[in-house]
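*Asks:* Here you go, input.tsv (TSV, C-alpha atoms and all ligand atoms):
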chain	number	residue	atom	x	y	z
A	2	MET	CA	79.03	81.79	78.55
A	3	ARG	CA	80.39	80.46	81.84
A	4	LYS	CA	79.75	82.71	84.83
A	5	ARG	CA	82.88	84.14	86.45
A	6	ARG	CA	83.43	83.14	90.08
A	7	VAL	CA	83.37	86.20	92.32
A	8	ALA	CA	84.31	86.67	95.98
A	9	VAL	CA	82.96	89.64	97.93
A	10	LEU	CA	84.99	91.07	100.82
A	11	ILE	CA	82.97	92.83	103.52
A	12	SER	CA	83.32	94.25	107.02
A	13	GLY	CA	79.71	94.99	107.92
A	14	ALA	CA	76.07	94.65	106.92
A	15	GLY	CA	76.85	93.65	103.37
A	16	SER	CA	73.91	95.20	101.53
A	17	ASN	CA	76.03	95.61	98.40
A	18	MET	CA	77.20	92.02	98.75
A	19	ALA	CA	73.58	90.83	98.99
A	20	ALA	CA	72.67	92.82	95.88
A	21	LEU	CA	75.60	91.22	94.03
A	22	ILE	CA	74.54	87.71	95.08
A	23	ASP	CA	71.02	88.39	93.84
A	24	ALA	CA	72.19	89.95	90.56
A	25	GLY	CA	74.49	87.00	89.93
A	26	LEU	CA	71.53	84.62	90.00
A	27	ALA	CA	70.09	86.12	86.81
A	28	PRO	CA	70.60	83.69	83.93
A	29	GLU	CA	72.24	86.40	81.81
A	30	ALA	CA	74.66	87.54	84.56
A	31	ALA	CA	78.35	87.20	83.66
A	32	PHE	CA	79.24	86.41	87.28
A	33	GLU	CA	78.13	84.45	90.31
A	34	VAL	CA	79.12	85.13	93.92
A	35	VAL	CA	80.72	81.95	95.28
A	36	LEU	CA	82.37	83.26	98.44
A	37	VAL	CA	81.96	86.03	101.01
A	38	VAL	CA	84.89	86.89	103.30
A	39	SER	CA	84.75	89.24	106.28
A	40	ASN	CA	87.61	90.54	108.37
A	41	ILE	CA	85.10	91.01	111.24
A	42	LYS	CA	83.92	87.84	112.97
A	43	GLY	CA	80.33	88.88	113.68
A	44	ALA	CA	79.73	90.93	110.54
A	45	GLY	CA	76.00	90.88	109.77
A	46	GLY	CA	76.68	90.18	106.12
A	47	LEU	CA	78.07	86.71	106.86
A	48	ALA	CA	74.68	85.43	108.04
A	49	VAL	CA	72.99	87.13	105.08
A	50	ALA	CA	75.31	85.32	102.66
A	51	GLU	CA	74.82	81.97	104.39
A	52	ALA	CA	71.03	82.42	104.26
A	53	LYS	CA	71.39	82.90	100.51
A	54	GLY	CA	73.39	79.68	100.24
A	55	VAL	CA	76.78	81.28	99.59
A	56	ALA	CA	79.93	80.14	101.40
A	57	ALA	CA	80.80	82.75	104.03
A	58	VAL	CA	83.95	82.84	106.13
A	59	ALA	CA	85.37	85.17	108.73
A	60	ILE	CA	89.10	85.74	108.58
A	61	PRO	CA	89.46	88.23	111.43
A	62	HIS	CA	92.45	90.52	111.14
A	63	VAL	CA	92.65	90.69	114.95
A	64	ALA	CA	93.68	87.02	114.97
A	65	PHE	CA	96.83	88.01	113.06
A	66	ALA	CA	97.79	90.86	115.41
A	67	LYS	CA	99.85	93.30	113.35
A	68	ASP	CA	100.87	90.78	110.69
A	69	ARG	CA	99.01	92.21	107.69
A	70	ALA	CA	100.86	89.95	105.28
A	71	ALA	CA	99.77	86.79	107.08
A	72	HIS	CA	96.17	88.01	107.21
A	73	GLU	CA	96.14	88.71	103.49
A	74	GLN	CA	97.80	85.38	102.71
A	75	ALA	CA	94.94	83.68	104.55
A	76	ILE	CA	92.41	85.65	102.50
A	77	ASP	CA	94.26	84.84	99.28
A	78	ALA	CA	94.30	81.13	100.20
A	79	ALA	CA	90.51	81.20	100.73
A	80	LEU	CA	90.03	82.89	97.35
A	81	LYS	CA	92.17	80.25	95.63
A	82	ALA	CA	90.44	77.39	97.49
A	83	HIS	CA	87.14	78.56	95.97
A	84	ASP	CA	88.60	79.06	92.45
A	85	VAL	CA	87.76	82.75	92.61
A	86	GLU	CA	88.43	84.76	89.43
A	87	MET	CA	87.36	88.24	90.50
A	88	VAL	CA	87.20	90.05	93.86
A	89	ALA	CA	84.66	92.74	94.76
A	90	LEU	CA	85.37	94.87	97.83
A	91	ALA	CA	82.03	95.97	99.27
A	92	GLY	CA	82.36	97.91	102.50
A	93	TYR	CA	85.66	96.18	103.26
A	94	MET	CA	87.03	98.74	105.70
A	95	ARG	CA	90.68	97.72	105.79
A	96	VAL	CA	93.47	99.08	103.64
A	97	LEU	CA	95.10	96.34	101.56
A	98	THR	CA	98.84	95.97	101.20
A	99	PRO	CA	100.49	96.25	97.77
A	100	TRP	CA	100.98	92.47	97.88
A	101	LEU	CA	97.27	91.53	97.74
A	102	VAL	CA	96.52	94.41	95.37
A	103	GLY	CA	99.28	93.18	93.05
A	104	ALA	CA	98.15	89.56	93.26
A	105	TRP	CA	94.65	90.56	92.06
A	106	ARG	CA	95.52	93.49	89.79
A	107	GLY	CA	92.89	93.91	87.10
A	108	ARG	CA	90.67	91.45	88.96
A	109	MET	CA	89.69	93.48	92.02
A	110	LEU	CA	86.99	96.19	92.19
A	111	ASN	CA	85.86	98.52	94.97
A	112	ILE	CA	82.73	100.57	95.54
A	113	HIS	CA	82.96	103.94	97.25
A	114	PRO	CA	80.09	106.19	98.34
A	115	SER	CA	81.16	109.39	96.62
A	116	LEU	CA	81.79	110.78	93.17
A	117	LEU	CA	85.52	110.05	93.18
A	118	PRO	CA	87.96	111.74	93.00
A	119	LEU	CA	85.82	113.77	95.44
A	120	TYR	CA	85.85	112.57	99.05
A	121	PRO	CA	88.03	109.49	99.30
A	122	GLY	CA	88.11	107.99	102.81
A	123	LEU	CA	85.40	108.23	105.46
A	124	ASP	CA	82.37	110.45	106.18
A	125	THR	CA	81.72	111.09	102.51
A	126	HIS	CA	78.07	112.09	102.92
A	127	ALA	CA	78.69	114.59	105.71
A	128	ARG	CA	81.49	116.13	103.66
A	129	ALA	CA	79.29	116.45	100.55
A	130	ILE	CA	76.53	118.14	102.59
A	131	ALA	CA	78.99	120.45	104.37
A	132	ALA	CA	80.43	121.49	101.00
A	133	GLY	CA	76.95	122.44	99.76
A	134	ASP	CA	77.17	120.00	96.85
A	135	ALA	CA	74.03	119.71	94.71
A	136	GLU	CA	74.92	116.15	93.75
A	137	ALA	CA	76.43	113.13	95.44
A	138	GLY	CA	76.78	109.56	94.27
A	139	CYS	CA	78.90	106.45	94.14
A	140	THR	CA	81.83	105.07	92.18
A	141	VAL	CA	83.08	101.62	91.22
A	142	HIS	CA	86.78	101.57	90.43
A	143	GLY	CA	89.62	99.16	89.86
A	144	VAL	CA	91.75	98.68	92.97
A	145	THR	CA	95.30	100.03	92.95
A	146	GLU	CA	97.71	100.73	95.81
A	147	GLY	CA	96.25	104.15	96.73
A	148	VAL	CA	93.13	104.23	98.93
A	149	ASP	CA	89.98	104.87	96.87
A	150	GLU	CA	92.11	105.45	93.79
A	151	GLY	CA	92.32	103.42	90.60
A	152	PRO	CA	90.53	103.66	87.27
A	153	ILE	CA	86.92	104.75	87.50
A	154	LEU	CA	84.69	102.17	85.84
A	155	GLY	CA	81.26	103.58	86.61
A	156	GLN	CA	79.44	106.26	88.59
A	157	VAL	CA	75.85	107.08	89.49
A	158	ARG	CA	74.79	110.57	90.57
A	159	VAL	CA	71.97	111.33	92.98
A	160	PRO	CA	70.67	114.73	94.13
A	161	VAL	CA	71.50	116.17	97.53
A	162	LEU	CA	68.18	117.46	98.88
A	163	PRO	CA	67.85	120.56	101.08
A	164	ASP	CA	66.84	118.60	104.21
A	165	ASP	CA	69.36	115.81	103.78
A	166	THR	CA	71.26	114.42	106.74
A	167	PRO	CA	74.28	112.17	106.22
A	168	SER	CA	72.06	109.14	106.85
A	169	SER	CA	69.26	110.15	104.47
A	170	LEU	CA	71.83	110.87	101.78
A	171	ALA	CA	73.61	107.58	102.53
A	172	GLU	CA	70.34	105.71	102.00
A	173	ARG	CA	69.78	107.34	98.59
A	174	VAL	CA	73.37	106.63	97.56
A	175	LYS	CA	73.12	103.00	98.76
A	176	THR	CA	70.17	102.37	96.46
A	177	ALA	CA	72.30	103.65	93.60
A	178	GLU	CA	75.27	101.54	94.74
A	179	HIS	CA	73.21	98.38	94.55
A	180	GLN	CA	72.40	99.06	90.89
A	181	LEU	CA	75.83	100.27	89.87
A	182	TYR	CA	77.99	97.52	91.33
A	183	SER	CA	76.30	94.60	89.58
A	184	ARG	CA	76.21	96.51	86.29
A	185	VAL	CA	79.95	97.26	86.37
A	186	LEU	CA	80.91	93.80	87.64
A	187	HIS	CA	78.89	92.23	84.82
A	188	ALA	CA	80.63	94.43	82.24
A	189	VAL	CA	84.12	93.75	83.63
A	190	CYS	CA	83.54	89.99	83.80
A	191	ASN	CA	82.48	90.06	80.17
A	192	THR	CA	85.92	91.46	79.25
A	193	LEU	CA	87.97	88.81	81.12
A	194	ASP	CA	90.10	86.39	79.07
B	201	LIG	C1	78.90	101.24	101.24
B	201	LIG	O1	78.27	102.49	101.21
B	201	LIG	C2	80.24	101.31	100.55
B	201	LIG	O2	80.26	102.16	99.46
B	201	LIG	C3	81.11	101.83	101.67
B	201	LIG	O3	80.69	101.14	102.81
B	201	LIG	C4	79.29	100.85	102.67
B	201	LIG	C5	79.07	99.40	102.96
B	201	LIG	O4	77.72	99.12	103.04
B	201	LIG	N1	82.50	101.64	101.39
B	201	LIG	C6	83.46	102.50	101.71
B	201	LIG	O5	83.26	103.53	102.31
B	201	LIG	C7	84.85	102.09	101.27
B	201	LIG	N2	85.72	103.20	101.19
B	201	LIG	P1	77.18	97.63	102.90
B	201	LIG	O6	77.97	96.79	103.90
B	201	LIG	O7	75.73	97.71	103.28
B	201	LIG	O8	77.38	97.18	101.50
Write the structure described by the file as structure tokens, please.

*Replies:*
Amino acid sequence: MRKRRVAVLISGAGSNMAALIDAGLAPEAAFEVVLVVSNIKGAGGLAVAEAKGVAAVAIPHVAFAKDRAAHEQAIDAALKAHDVEMVALAGYMRVLTPWLVGAWRGRMLNIHPSLLPLYPGLDTHARAIAAGDAEAGCTVHGVTEGVDEGPILGQVRVPVLPDDTPSSLAERVKTAEHQLYSRVLHAVCNTLD
């Protein structure tokens, strides 16, 4: 079966993006990453993607001042120019407008470092530790208008250990994220028309 063409949107280091690129190289993968877009010009993930031979572009939101619509239209144009069929948000730290969400409804996923619906937003690991949770984890969900909402498509749980700091917990969750995202993306791409 033909591999689905995926774009990954990032704002930072892009470790999930790199894991998706690598997973997409497997012969049996239902997807391949063909484009990486960052809203931050110097995002570390852009160089990582280029080194892996994947087209990587910065479309900095600061260049569009407060015009969110124009910024998203530029992103959408890049997606279309690369014949993208599915979008994976991976550490893309900017809230999307209903326009872009609507344009890609059913074809846009996000990964979040908590067991949603627990802890949407930021500082998820510190909040899980402060709450005394025994477990933390990550979620891949379909993107809808609400932040970190949308249908849950997969989760992985990891233990919270007694000595955990937010960064040690984040590291354990990240390892789980890298497994989960490619698994869910593969499954979703297999269901596309
Ligand atoms: C990941 O932990 C991802 O779940 C999180 O940002 C990190 C990006 O890391 N996303 C969010 O918090 C979105 N709400 P990465 O750049 O190394 O993939």

*Asks:* Around ligand LIG 201 (chain B), which protein and nucleic acid residues have at least one atom no more than 6 Å from it, if we count all atoms listed in the file? List them as a PDB file with C-alpha atoms, in the frame of the given file.

*Replies:*
ATOM      1  CA  GLY A  13      79.710  94.990 107.920  1.00  0.00           C
ATOM      2  CA  ALA A  14      76.070  94.650 106.920  1.00  0.00           C
ATOM      3  CA  GLY A  15      76.850  93.650 103.370  1.00  0.00           C
ATOM      4  CA  SER A  16      73.910  95.200 101.530  1.00  0.00           C
ATOM      5  CA  ASN A  17      76.030  95.610  98.400  1.00  0.00           C
ATOM      6  CA  MET A  18      77.200  92.020  98.750  1.00  0.00           C
ATOM      7  CA  ALA A  91      82.030  95.970  99.270  1.00  0.00           C
ATOM      8  CA  GLY A  92      82.360  97.910 102.500  1.00  0.00           C
ATOM      9  CA  MET A  94      87.030  98.740 105.700  1.00  0.00           C
ATOM     10  CA  ILE A 112      82.730 100.570  95.540  1.00  0.00           C
ATOM     11  CA  HIS A 113      82.960 103.940  97.250  1.00  0.00           C
ATOM     12  CA  PRO A 114      80.090 106.190  98.340  1.00  0.00           C
ATOM     13  CA  GLY A 122      88.110 107.990 102.810  1.00  0.00           C
ATOM     14  CA  LYS A 175      73.120 103.000  98.760  1.00  0.00           C
TER      15      LYS A 175
END

*Asks:* Dig up all the protein and nucleic acid residues within 12 Å of (96.1, 90.7, 91.3) in the file frame, using all atoms listed in the file, and format them as a PyMOL selection string.

*Replies:* chain A and resi 77+80-81+85-88+97-110+143-146

*Asks:* Restricting the calculation to only C-alpha atoms: of A:Arg95, A:Leu10, A:Leu26, A:Leu21, which residue gets closest to Ala59 of chain A?

*Replies:* A:Leu10

*Asks:* What is the atom CA of Ala52 of chain A-atom CA of Val9 of chain A distance in Å, reported with one decimal?

*Replies:* 15.3 Å

*Asks:* Taking into account all atoms listed in the file, which residue in the set A:Val148, A:Ala44, A:Ala31, A:Val96 is nearest to Arg69 of chain A?

*Replies:*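 Closest to Arg69 of chain A of all the choices is A:Val96.
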
*Asks:* Quick check, in Å to one decimal: how far apart do atom CA of Gly155 of chain A and atom CA of Val49 of chain A lie?

*Replies:* 26.1 Å

*Asks:* Using only C-alpha atoms, can you tell me which of A:Val55, A:Val174, A:Ala24, A:Ile60 comes closest to Val38 of chain A?

*Replies:* A:Ile60

*Asks:* Tell me, as a PDB file with C-alpha atoms, in the coordinates of the input, which residues lie within 12 Å of Ala64 of chain A, counting only C-alpha atoms; anything in the same chain fewer than 5 positions away does not count.

*Replies:*
ATOM      1  CA  ASN A  40      87.610  90.540 108.370  1.00  0.00           C
ATOM      2  CA  ILE A  41      85.100  91.010 111.240  1.00  0.00           C
ATOM      3  CA  LYS A  42      83.920  87.840 112.970  1.00  0.00           C
ATOM      4  CA  ALA A  59      85.370  85.170 108.730  1.00  0.00           C
ATOM      5  CA  ARG A  69      99.010  92.210 107.690  1.00  0.00           C
ATOM      6  CA  ALA A  71      99.770  86.790 107.080  1.00  0.00           C
ATOM      7  CA  HIS A  72      96.170  88.010 107.210  1.00  0.00           C
ATOM      8  CA  GLU A  73      96.140  88.710 103.490  1.00  0.00           C
ATOM      9  CA  ALA A  75      94.940  83.680 104.550  1.00  0.00           C
TER      10      ALA A  75
END

*Asks:* To one decimal in Å, tell me the separation between atom CA of Pro160 of chain A and atom CA of Tyr182 of chain A.

*Replies:*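 Here the two named atoms are 18.9 Å from each other.
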
*Asks:* Could you give me the axis-aligned bounding box of segment 156-164 of chain A, with 8 Å of padding per side, as centre plus edge lengths in Å to one decimal, as lines of an AutoDock Vina configuration file?

*Replies:*
center_x = 73.1
center_y = 113.4
center_z = 96.4
size_x = 28.6
size_y = 30.3
size_z = 31.6
